[in-house]
Amino acid sequence: MDWGMTNRFSRIISPENGRCVMLAVDHGYFLGPTEKLEVPQRTIEPLLPYVDSIMLTRGVLRTSLPPISHVPIVLRVSGGTSIIGDDLSNETITTSIEDALRLNVSCLALSIFVGSKHEHQTLANLATLVDSGERYGIPILAVTAVGKEMVRDARYLGLACRIAGELGAHVVKTYYCENFEKVIEGCPVPVIIAGGKKLEKDIDVLELTFNAIKEGASGVDMGRNIWQSEHPIAMIKAVRSIVHENFSIKEAADLLVTEKKIGDRKTVVVNQKNI
Ligand code: 5RP
């Protein structure tokens with residue numbers, strides 16, 4: 001990796017421990033005003049001190065983060081479909097590399113839909129984006145999007161992650177599944193996990209995070225399970241404690257209880273410069 005690529009990559013995956021806490025707030029690009037993300041700035045601002053990076057579209061970046069913010073940006077650059085359209089897999093690249101550079105992003109993110117009608121198109125999108133990223137030293141995060149008809153098992157996710165790595169993605173986001181270590185084993189680059197739909201119990205989020213890390217994930221790119229929580233700050237702190245401090249589920253659950261009691265108002269700031 002050249003200097004720029006290495007520098008940007010180190011802002012996404014910590015060179016100290018190889019881990020990452022990325023906050024996903026890109027849902028509106030096909031879901032519209034998702035619950036608790038109706039006004040992105042309101043959702044994002046209180047969480048910024050506790051994240052390593054933030055994943056969002058250029059529209060939300062421009063309108064919801066001040067340009068003096070230091071938080072590393074993972075810019076979603078694939079889209080062009082909506083939840084009410086006929087095929088979510090029919091994505092294109094939605095942002096030019098020049099605009100991404102102007103926005104000073106640390107990473108570019110794009111979805112691939114392996115096994116879908118538009119598999120080829122989305123994999124070609126990834127290859128094109130990797131070439132653009134290589135030209136300017138910007139790492140690429142490939143998101144293995146899973147259509148309703150796909151089974152989220154190690155065989156499918158392992159296939160999608162491996163293909164993403166083979167096409168040159170520098171980091172891959174996928175879902176946690178049974179036999180997750182098989183997914184990790186077959187993927188040549190770091191893998192981070194999405195949280196998926198809001199889980200019923202807080203402990204389930206901690207278990208998901210803990211198991212993923214234990215089985216080899218490099219971190220999380222989590223959205224709904226953080227900001228749809230009743231206590232988003234307490235939740236991100238608890239998730240962070242597992243990712244960066246190797247807390248057990250019990251230790252993280254205790255931290256969550258304590259942080260809930262303290263209340264989301266009191267902040268022990270981790271990354272003040274992100275704000
Ligand atoms: C959508 C995405 C989201 O960023 C991803 O799903 C993470 O968010 P959540 O934890 O809410 O699932 O990439 O394609």
# chains A, B, ... in the order shown; residues from 1 in each chain; ligands from 1

$ closest_atom_pairs --of "chain A" --to "ligand 1" --cutoff "8 Å" --atoms "only C-alpha atoms and all ligand atoms" --output "Markdown table"
| residue | atom | partner | partner_atom_place_in_ligand_line | distance |
| --- | --- | --- | --- | --- |
| A:Leu23 | CA | ligand 1 | 8 (O) | 8.0 |
| A:Ala24 | CA | ligand 1 | 4 (O) | 4.5 |
| A:Val25 | CA | ligand 1 | 4 (O) | 6.1 |
| A:Asp26 | CA | ligand 1 | 4 (O) | 5.3 |
| A:His27 | CA | ligand 1 | 1 (C) | 5.5 |
| A:Met55 | CA | ligand 1 | 4 (O) | 6.8 |
| A:Leu56 | CA | ligand 1 | 4 (O) | 7.8 |
| A:Ser111 | CA | ligand 1 | 14 (O) | 6.6 |
| A:Val143 | CA | ligand 1 | 13 (O) | 6.0 |
| A:Ala145 | CA | ligand 1 | 14 (O) | 6.0 |
| A:Lys173 | CA | ligand 1 | 13 (O) | 7.8 |
| A:Ile193 | CA | ligand 1 | 10 (O) | 7.8 |
| A:Ala194 | CA | ligand 1 | 10 (O) | 4.3 |
| A:Gly195 | CA | ligand 1 | 10 (O) | 3.4 |
| A:Gly196 | CA | ligand 1 | 12 (O) | 3.2 |
| A:Lys197 | CA | ligand 1 | 12 (O) | 5.8 |
| A:Lys198 | CA | ligand 1 | 11 (O) | 7.2 |
| A:Asp221 | CA | ligand 1 | 7 (C) | 5.7 |
| A:Met222 | CA | ligand 1 | 10 (O) | 3.6 |
| A:Gly223 | CA | ligand 1 | 11 (O) | 3.7 |
| A:Arg224 | CA | ligand 1 | 11 (O) | 3.8 |
| A:Asn225 | CA | ligand 1 | 10 (O) | 6.1 |
| A:Ile226 | CA | ligand 1 | 10 (O) | 7.7 |

$ write_last_selection --atoms "N, CA and C atoms" --output "PDB file, in the first residue's frame"
ATOM      1  N   LEU A  23     -19.695   3.749  12.673  1.00  0.00           N
ATOM      2  CA  LEU A  23     -21.129   3.995  12.861  1.00  0.00           C
ATOM      3  C   LEU A  23     -21.801   4.089  11.492  1.00  0.00           C
ATOM      4  N   ALA A  24     -22.769   3.214  11.235  1.00  0.00           N
ATOM      5  CA  ALA A  24     -23.470   3.225   9.946  1.00  0.00           C
ATOM      6  C   ALA A  24     -24.723   4.099  10.038  1.00  0.00           C
ATOM      7  N   VAL A  25     -24.761   5.136   9.202  1.00  0.00           N
ATOM      8  CA  VAL A  25     -25.952   5.993   9.127  1.00  0.00           C
ATOM      9  C   VAL A  25     -26.311   6.259   7.662  1.00  0.00           C
ATOM     10  N   ASP A  26     -26.049   5.270   6.821  1.00  0.00           N
ATOM     11  CA  ASP A  26     -26.268   5.437   5.375  1.00  0.00           C
ATOM     12  C   ASP A  26     -27.627   4.892   4.930  1.00  0.00           C
ATOM     13  N   HIS A  27     -28.439   4.440   5.880  1.00  0.00           N
ATOM     14  CA  HIS A  27     -29.666   3.703   5.547  1.00  0.00           C
ATOM     15  C   HIS A  27     -30.617   4.460   4.622  1.00  0.00           C
ATOM     16  N   MET A  55     -20.077   5.990   8.502  1.00  0.00           N
ATOM     17  CA  MET A  55     -20.407   5.606   7.125  1.00  0.00           C
ATOM     18  C   MET A  55     -21.703   6.303   6.715  1.00  0.00           C
ATOM     19  N   LEU A  56     -21.631   7.095   5.666  1.00  0.00           N
ATOM     20  CA  LEU A  56     -22.797   7.880   5.256  1.00  0.00           C
ATOM     21  C   LEU A  56     -22.679   8.295   3.792  1.00  0.00           C
ATOM     22  N   SER A 111     -22.051  -1.574  -2.201  1.00  0.00           N
ATOM     23  CA  SER A 111     -22.666  -2.891  -1.977  1.00  0.00           C
ATOM     24  C   SER A 111     -22.482  -3.799  -3.177  1.00  0.00           C
ATOM     25  N   VAL A 143     -19.646  -4.038   0.798  1.00  0.00           N
ATOM     26  CA  VAL A 143     -20.740  -4.470   1.676  1.00  0.00           C
ATOM     27  C   VAL A 143     -21.440  -5.648   1.001  1.00  0.00           C
ATOM     28  N   ALA A 145     -24.381  -7.181   0.502  1.00  0.00           N
ATOM     29  CA  ALA A 145     -25.826  -7.035   0.703  1.00  0.00           C
ATOM     30  C   ALA A 145     -26.497  -8.386   0.457  1.00  0.00           C
ATOM     31  N   LYS A 173     -17.657  -5.752   4.671  1.00  0.00           N
ATOM     32  CA  LYS A 173     -18.686  -5.785   5.721  1.00  0.00           C
ATOM     33  C   LYS A 173     -19.684  -6.879   5.382  1.00  0.00           C
ATOM     34  N   ILE A 193     -18.635  -6.459  10.862  1.00  0.00           N
ATOM     35  CA  ILE A 193     -20.026  -6.910  10.770  1.00  0.00           C
ATOM     36  C   ILE A 193     -21.026  -5.754  10.881  1.00  0.00           C
ATOM     37  N   ALA A 194     -22.128  -5.917  10.156  1.00  0.00           N
ATOM     38  CA  ALA A 194     -23.287  -5.032  10.315  1.00  0.00           C
ATOM     39  C   ALA A 194     -24.085  -5.566  11.500  1.00  0.00           C
ATOM     40  N   GLY A 195     -24.892  -4.708  12.077  1.00  0.00           N
ATOM     41  CA  GLY A 195     -25.722  -5.163  13.201  1.00  0.00           C
ATOM     42  C   GLY A 195     -27.017  -5.799  12.721  1.00  0.00           C
ATOM     43  N   GLY A 196     -27.507  -5.316  11.559  1.00  0.00           N
ATOM     44  CA  GLY A 196     -28.800  -5.783  11.071  1.00  0.00           C
ATOM     45  C   GLY A 196     -29.938  -5.096  11.792  1.00  0.00           C
ATOM     46  N   LYS A 197     -31.146  -5.653  11.622  1.00  0.00           N
ATOM     47  CA  LYS A 197     -32.346  -5.048  12.243  1.00  0.00           C
ATOM     48  C   LYS A 197     -32.175  -4.966  13.749  1.00  0.00           C
ATOM     49  N   LYS A 198     -32.871  -4.016  14.352  1.00  0.00           N
ATOM     50  CA  LYS A 198     -32.777  -3.829  15.811  1.00  0.00           C
ATOM     51  C   LYS A 198     -33.165  -5.134  16.508  1.00  0.00           C
ATOM     52  N   ASP A 221     -19.583  -2.310  11.857  1.00  0.00           N
ATOM     53  CA  ASP A 221     -20.114  -1.140  11.151  1.00  0.00           C
ATOM     54  C   ASP A 221     -21.596  -1.194  11.485  1.00  0.00           C
ATOM     55  N   MET A 222     -21.947  -0.644  12.623  1.00  0.00           N
ATOM     56  CA  MET A 222     -23.271  -0.878  13.199  1.00  0.00           C
ATOM     57  C   MET A 222     -24.132   0.381  13.148  1.00  0.00           C
ATOM     58  N   GLY A 223     -25.411   0.175  12.882  1.00  0.00           N
ATOM     59  CA  GLY A 223     -26.339   1.294  12.802  1.00  0.00           C
ATOM     60  C   GLY A 223     -27.508   1.152  13.747  1.00  0.00           C
ATOM     61  N   ARG A 224     -28.557   0.447  13.267  1.00  0.00           N
ATOM     62  CA  ARG A 224     -29.833   0.441  13.990  1.00  0.00           C
ATOM     63  C   ARG A 224     -29.730  -0.027  15.429  1.00  0.00           C
ATOM     64  N   ASN A 225     -28.866  -0.999  15.693  1.00  0.00           N
ATOM     65  CA  ASN A 225     -28.767  -1.493  17.071  1.00  0.00           C
ATOM     66  C   ASN A 225     -28.095  -0.491  18.002  1.00  0.00           C
ATOM     67  N   ILE A 226     -27.510   0.545  17.425  1.00  0.00           N
ATOM     68  CA  ILE A 226     -26.976   1.637  18.239  1.00  0.00           C
ATOM     69  C   ILE A 226     -28.040   2.734  18.359  1.00  0.00           C
TER      70      ILE A 226
END

$ closest_residue --among "A:Ala212, A:Val114, A:Ala160, A:Ala142" --to "Phe180 in chain A" --atoms "only C-alpha atoms"
A:Ala212

$ residues_around --residues "Cys107 in chain A" --least-positions-apart "5" --cutoff "12 Å" --atoms "only C-alpha atoms" --output "PyMOL selection string"
chain A and resi 4-13+22+53-57+71-77+97+100-101+129-130+132-134+136-142+169-172

$ select_by_dssp --residues "range 87-211 of chain A" --states "strand (DSSP E or B)" --output "list in words"
Thr92, Ile93, Cys107, Leu108, Ala109, Leu110, Ser111, Ile112, Ile140, Leu141, Ala142, Val143, Thr144, Val171, Val172, Lys173, Thr174, Val191, Ile192 and Ile193 of chain A

$ write_last_selection --atoms "C-alpha atoms" --output "short mmCIF file (atom, residue, chain, number, x, y, z; two decimals), in the first residue's frame"
data_model
loop_
_atom_site.label_atom_id
_atom_site.label_comp_id
_atom_site.auth_asym_id
_atom_site.auth_seq_id
_atom_site.Cartn_x
_atom_site.Cartn_y
_atom_site.Cartn_z
CA THR A 92 -24.70 1.91 -9.75
CA ILE A 93 -21.84 4.09 -8.53
CA CYS A 107 -12.76 5.12 2.59
CA LEU A 108 -15.39 4.42 -0.08
CA ALA A 109 -18.21 1.91 0.48
CA LEU A 110 -20.23 0.03 -2.11
CA SER A 111 -22.67 -2.89 -1.98
CA ILE A 112 -22.33 -6.10 -3.93
CA ILE A 140 -12.67 0.38 -0.51
CA LEU A 141 -15.22 -1.20 1.81
CA ALA A 142 -17.36 -3.83 0.06
CA VAL A 143 -20.74 -4.47 1.68
CA THR A 144 -22.16 -7.94 1.04
CA VAL A 171 -12.18 -4.38 3.95
CA VAL A 172 -15.49 -6.25 3.77
CA LYS A 173 -18.69 -5.78 5.72
CA THR A 174 -20.98 -8.73 6.16
CA VAL A 191 -14.09 -8.36 7.86
CA ILE A 192 -16.41 -6.18 9.93
CA ILE A 193 -20.03 -6.91 10.77
#

$ select_by_dssp --residues "range 24-152 of chain A" --states "alpha helix (DSSP H)" --output "ChimeraX atom specification"
/A:28-31,40-44,58-64,97-102,119-136

$ closest_residue --among "A:Ala252, A:Ala234, A:Leu167, A:Val146" --to "Thr209 in chain A" --atoms "only C-alpha atoms"
A:Ala252
